[in-house]
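These notes are about the structure you will find just below.
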Amino acid sequence: MIPLRCPGQDPRFLKAQDIAEMQCPDCGRTVEFWPDELLRKCPGCSRRLANPENSMKCLAWCRYAAQCLAAISGESGATIAPLREELVERMRKAFGDDVEKTDHALAVLNLAEDIGRQEGGDPLVLVPAAILSDIGPAAEILAEVGLPQAVQEEILETIAHREDRDKVHTPSGAALFDAVLIVSLQDKATADAEAVLAREALTDAGRRIGAARLAQWPSSRHDRRRQQCR
């Protein structure tokens, strides 16, 4: 499928004089926007900024308008449900009959959402990152569902660093890292799982939620399967 692009902003007709500029309110750096960019990251501090010159006429007809508007306003929690549903369906299709992969992805998603709510994660970044973290064509899927380019980039960066503790620098990234860590510890069921969680988790919520999950989890996969068969 060819990645979708906003039909109201055709890049063939863009000119250099159409570039808009604004100063980042956090670091003061000048940020440039082409007319087809709803959002862009500040090169100085990585704050997500809205294009001051974008007319947003697409809000009248685009099926993803609410999600784009939420990305700009910072209120994405209220509009994430349709996107979550669509991405979960795409994830299920990608994994097909592999129930173990599907269950793993859903476990990471649910944990990431729980941790993110307590740690200030951005649902518009965290939810897609959690759902698509183990799917190869994540970039293609994000383009197809029509999210703003800056949001796509942040999601892909969050996915790339989901297991690299030293490269996580956002609440969304920390929530996903901790969710992946907790599910991995549950799967391995090692004796030192709680100690690893306490040492490696990036968030307080991750440590609390993870400790509760590990305390309830059977001590081995064999025990889990035996309980499921009872």
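All residue names refer to the structure tokens as shown: chains lettered A, B, ... in order, residues numbered from 1 in each chain, ligands numbered from 1 in order.
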
Determine which residues of segment 96-200 of chain A DSSP labels as alpha helix (DSSP H) from the backbone of this structure, then write them out as a PyMOL selection string.
chain A and resi 99-119+123-132+138-144+149-160+171-188+193-200

Output C-alpha atoms for every residue in the selection just made, as a PDB file, in the first residue's frame.
ATOM      1  CA  VAL A  99      -0.971 -16.554  19.596  1.00  0.00           C
ATOM      2  CA  GLU A 100       2.155 -16.280  21.738  1.00  0.00           C
ATOM      3  CA  LYS A 101       3.360 -13.174  19.879  1.00  0.00           C
ATOM      4  CA  THR A 102      -0.092 -11.598  20.017  1.00  0.00           C
ATOM      5  CA  ASP A 103      -0.442 -12.253  23.738  1.00  0.00           C
ATOM      6  CA  HIS A 104       3.049 -10.868  24.336  1.00  0.00           C
ATOM      7  CA  ALA A 105       2.281  -7.674  22.433  1.00  0.00           C
ATOM      8  CA  LEU A 106      -1.020  -7.149  24.259  1.00  0.00           C
ATOM      9  CA  ALA A 107       0.672  -7.715  27.614  1.00  0.00           C
ATOM     10  CA  VAL A 108       3.294  -5.071  26.767  1.00  0.00           C
ATOM     11  CA  LEU A 109       0.562  -2.695  25.587  1.00  0.00           C
ATOM     12  CA  ASN A 110      -1.556  -3.025  28.724  1.00  0.00           C
ATOM     13  CA  LEU A 111       1.428  -2.564  31.013  1.00  0.00           C
ATOM     14  CA  ALA A 112       2.750   0.380  29.018  1.00  0.00           C
ATOM     15  CA  GLU A 113      -0.630   2.101  29.234  1.00  0.00           C
ATOM     16  CA  ASP A 114      -0.841   1.542  33.001  1.00  0.00           C
ATOM     17  CA  ILE A 115       2.671   2.855  33.573  1.00  0.00           C
ATOM     18  CA  GLY A 116       2.266   5.706  31.105  1.00  0.00           C
ATOM     19  CA  ARG A 117      -0.874   7.005  32.819  1.00  0.00           C
ATOM     20  CA  GLN A 118       1.059   7.356  36.066  1.00  0.00           C
ATOM     21  CA  GLU A 119       4.289   8.669  34.568  1.00  0.00           C
ATOM     22  CA  PRO A 123      -0.732   8.032  24.510  1.00  0.00           C
ATOM     23  CA  LEU A 124      -0.359   9.120  20.880  1.00  0.00           C
ATOM     24  CA  VAL A 125       3.276   7.970  21.042  1.00  0.00           C
ATOM     25  CA  LEU A 126       3.175   5.233  23.650  1.00  0.00           C
ATOM     26  CA  VAL A 127       0.202   3.209  22.394  1.00  0.00           C
ATOM     27  CA  PRO A 128       1.398   2.824  18.771  1.00  0.00           C
ATOM     28  CA  ALA A 129       4.949   2.145  19.972  1.00  0.00           C
ATOM     29  CA  ALA A 130       3.775  -0.626  22.284  1.00  0.00           C
ATOM     30  CA  ILE A 131       1.522  -2.248  19.676  1.00  0.00           C
ATOM     31  CA  LEU A 132       4.057  -2.105  16.826  1.00  0.00           C
ATOM     32  CA  ALA A 138       6.092  -0.283  11.742  1.00  0.00           C
ATOM     33  CA  ALA A 139       7.138   2.809   9.752  1.00  0.00           C
ATOM     34  CA  GLU A 140       4.938   1.780   6.827  1.00  0.00           C
ATOM     35  CA  ILE A 141       1.929   1.221   9.082  1.00  0.00           C
ATOM     36  CA  LEU A 142       2.366   4.575  10.816  1.00  0.00           C
ATOM     37  CA  ALA A 143       2.489   6.353   7.471  1.00  0.00           C
ATOM     38  CA  GLU A 144      -0.621   4.546   6.275  1.00  0.00           C
ATOM     39  CA  GLN A 149       5.483  13.087  10.587  1.00  0.00           C
ATOM     40  CA  ALA A 150       6.898  14.354  13.884  1.00  0.00           C
ATOM     41  CA  VAL A 151       4.705  11.897  15.807  1.00  0.00           C
ATOM     42  CA  GLN A 152       5.772   9.033  13.529  1.00  0.00           C
ATOM     43  CA  GLU A 153       9.423   9.859  14.170  1.00  0.00           C
ATOM     44  CA  GLU A 154       8.906   9.935  17.932  1.00  0.00           C
ATOM     45  CA  ILE A 155       7.076   6.593  17.861  1.00  0.00           C
ATOM     46  CA  LEU A 156       9.834   4.939  15.814  1.00  0.00           C
ATOM     47  CA  GLU A 157      12.499   6.364  18.117  1.00  0.00           C
ATOM     48  CA  THR A 158      10.601   5.019  21.118  1.00  0.00           C
ATOM     49  CA  ILE A 159      10.401   1.582  19.505  1.00  0.00           C
ATOM     50  CA  ALA A 160      14.091   1.593  18.606  1.00  0.00           C
ATOM     51  CA  PRO A 171       8.155   9.393  29.788  1.00  0.00           C
ATOM     52  CA  SER A 172       6.667   7.396  26.907  1.00  0.00           C
ATOM     53  CA  GLY A 173       9.983   5.681  26.251  1.00  0.00           C
ATOM     54  CA  ALA A 174      10.434   4.899  29.937  1.00  0.00           C
ATOM     55  CA  ALA A 175       6.936   3.423  30.188  1.00  0.00           C
ATOM     56  CA  LEU A 176       7.533   1.173  27.170  1.00  0.00           C
ATOM     57  CA  PHE A 177      10.978   0.113  28.424  1.00  0.00           C
ATOM     58  CA  ASP A 178       9.538  -0.902  31.792  1.00  0.00           C
ATOM     59  CA  ALA A 179       6.604  -2.730  30.180  1.00  0.00           C
ATOM     60  CA  VAL A 180       8.946  -4.741  27.952  1.00  0.00           C
ATOM     61  CA  LEU A 181      11.180  -5.466  30.960  1.00  0.00           C
ATOM     62  CA  ILE A 182       8.288  -6.702  33.107  1.00  0.00           C
ATOM     63  CA  VAL A 183       6.890  -9.018  30.415  1.00  0.00           C
ATOM     64  CA  SER A 184      10.376 -10.372  29.736  1.00  0.00           C
ATOM     65  CA  LEU A 185      10.887 -11.109  33.433  1.00  0.00           C
ATOM     66  CA  GLN A 186       7.505 -12.830  33.591  1.00  0.00           C
ATOM     67  CA  ASP A 187       8.395 -15.005  30.605  1.00  0.00           C
ATOM     68  CA  LYS A 188      11.813 -15.953  31.978  1.00  0.00           C
ATOM     69  CA  ALA A 193      13.343 -11.289  38.683  1.00  0.00           C
ATOM     70  CA  GLU A 194      12.320  -8.865  41.454  1.00  0.00           C
ATOM     71  CA  ALA A 195      15.919  -7.778  42.001  1.00  0.00           C
ATOM     72  CA  VAL A 196      16.387  -7.179  38.268  1.00  0.00           C
ATOM     73  CA  LEU A 197      13.179  -5.165  38.141  1.00  0.00           C
ATOM     74  CA  ALA A 198      14.226  -2.990  41.084  1.00  0.00           C
ATOM     75  CA  ARG A 199      17.615  -2.366  39.504  1.00  0.00           C
ATOM     76  CA  GLU A 200      16.650  -1.848  35.858  1.00  0.00           C
TER      77      GLU A 200
END

If I take atom CA of Val168 of chain A and atom CA of Lys93 of chain A, how far is one from the other in Å, to one decimal?
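Calculated distance between atom CA of Val168 of chain A and atom CA of Lys93 of chain A is 29.2 Å.
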
Calculate how many Å separate atom CA of Glu163 of chain A from atom CA of Arg207 of chain A, rounding to one decimal.
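Between atom CA of Glu163 of chain A and atom CA of Arg207 of chain A the gap works out to 16.0 Å.
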
Students should find that atom CA of Gln23 of chain A and atom CA of His169 of chain A are spaced 22.5 Å

Within 7 Å of Arg40 of chain A using only C-alpha atoms, minus same-chain residues under 3 positions, as JSON, numbers by chain
{"A": [37, 48, 49, 50, 150]}

For the residues selected in the previous step, produce a file with C-alpha atoms as a compact mmCIF listing (two decimals), in the first residue's frame.
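What landed in selection37.txt:
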# COMPACT_ATOMS: atom_id res chain seq x y z
CA GLU A 37 4.26 19.84 8.38
CA ARG A 48 7.11 18.90 19.74
CA LEU A 49 5.89 22.18 18.20
CA ALA A 50 2.87 23.03 16.06
CA ALA A 150 6.90 14.35 13.88

Skipping near chain neighbours, those fewer than 6 positions away, what residues fall within 10 Å of Pro43 of chain A using only C-alpha atoms, listed as a PyMOL selection string?
chain A and resi 24+27+29-32

Just the strand (DSSP E or B) stuff from segment 33-192 of chain A, please, per backbone DSSP, written as a PyMOL selection string.
chain A and resi 33+39-41+48-50

For Ala201 of chain A, which residue among A:Leu87, A:Leu39, A:Asp166, A:Ala189 is the nearest when counting only C-alpha atoms?
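Between A:Leu87, A:Leu39, A:Asp166, A:Ala189, the residue approaching Ala201 of chain A most closely is A:Asp166.
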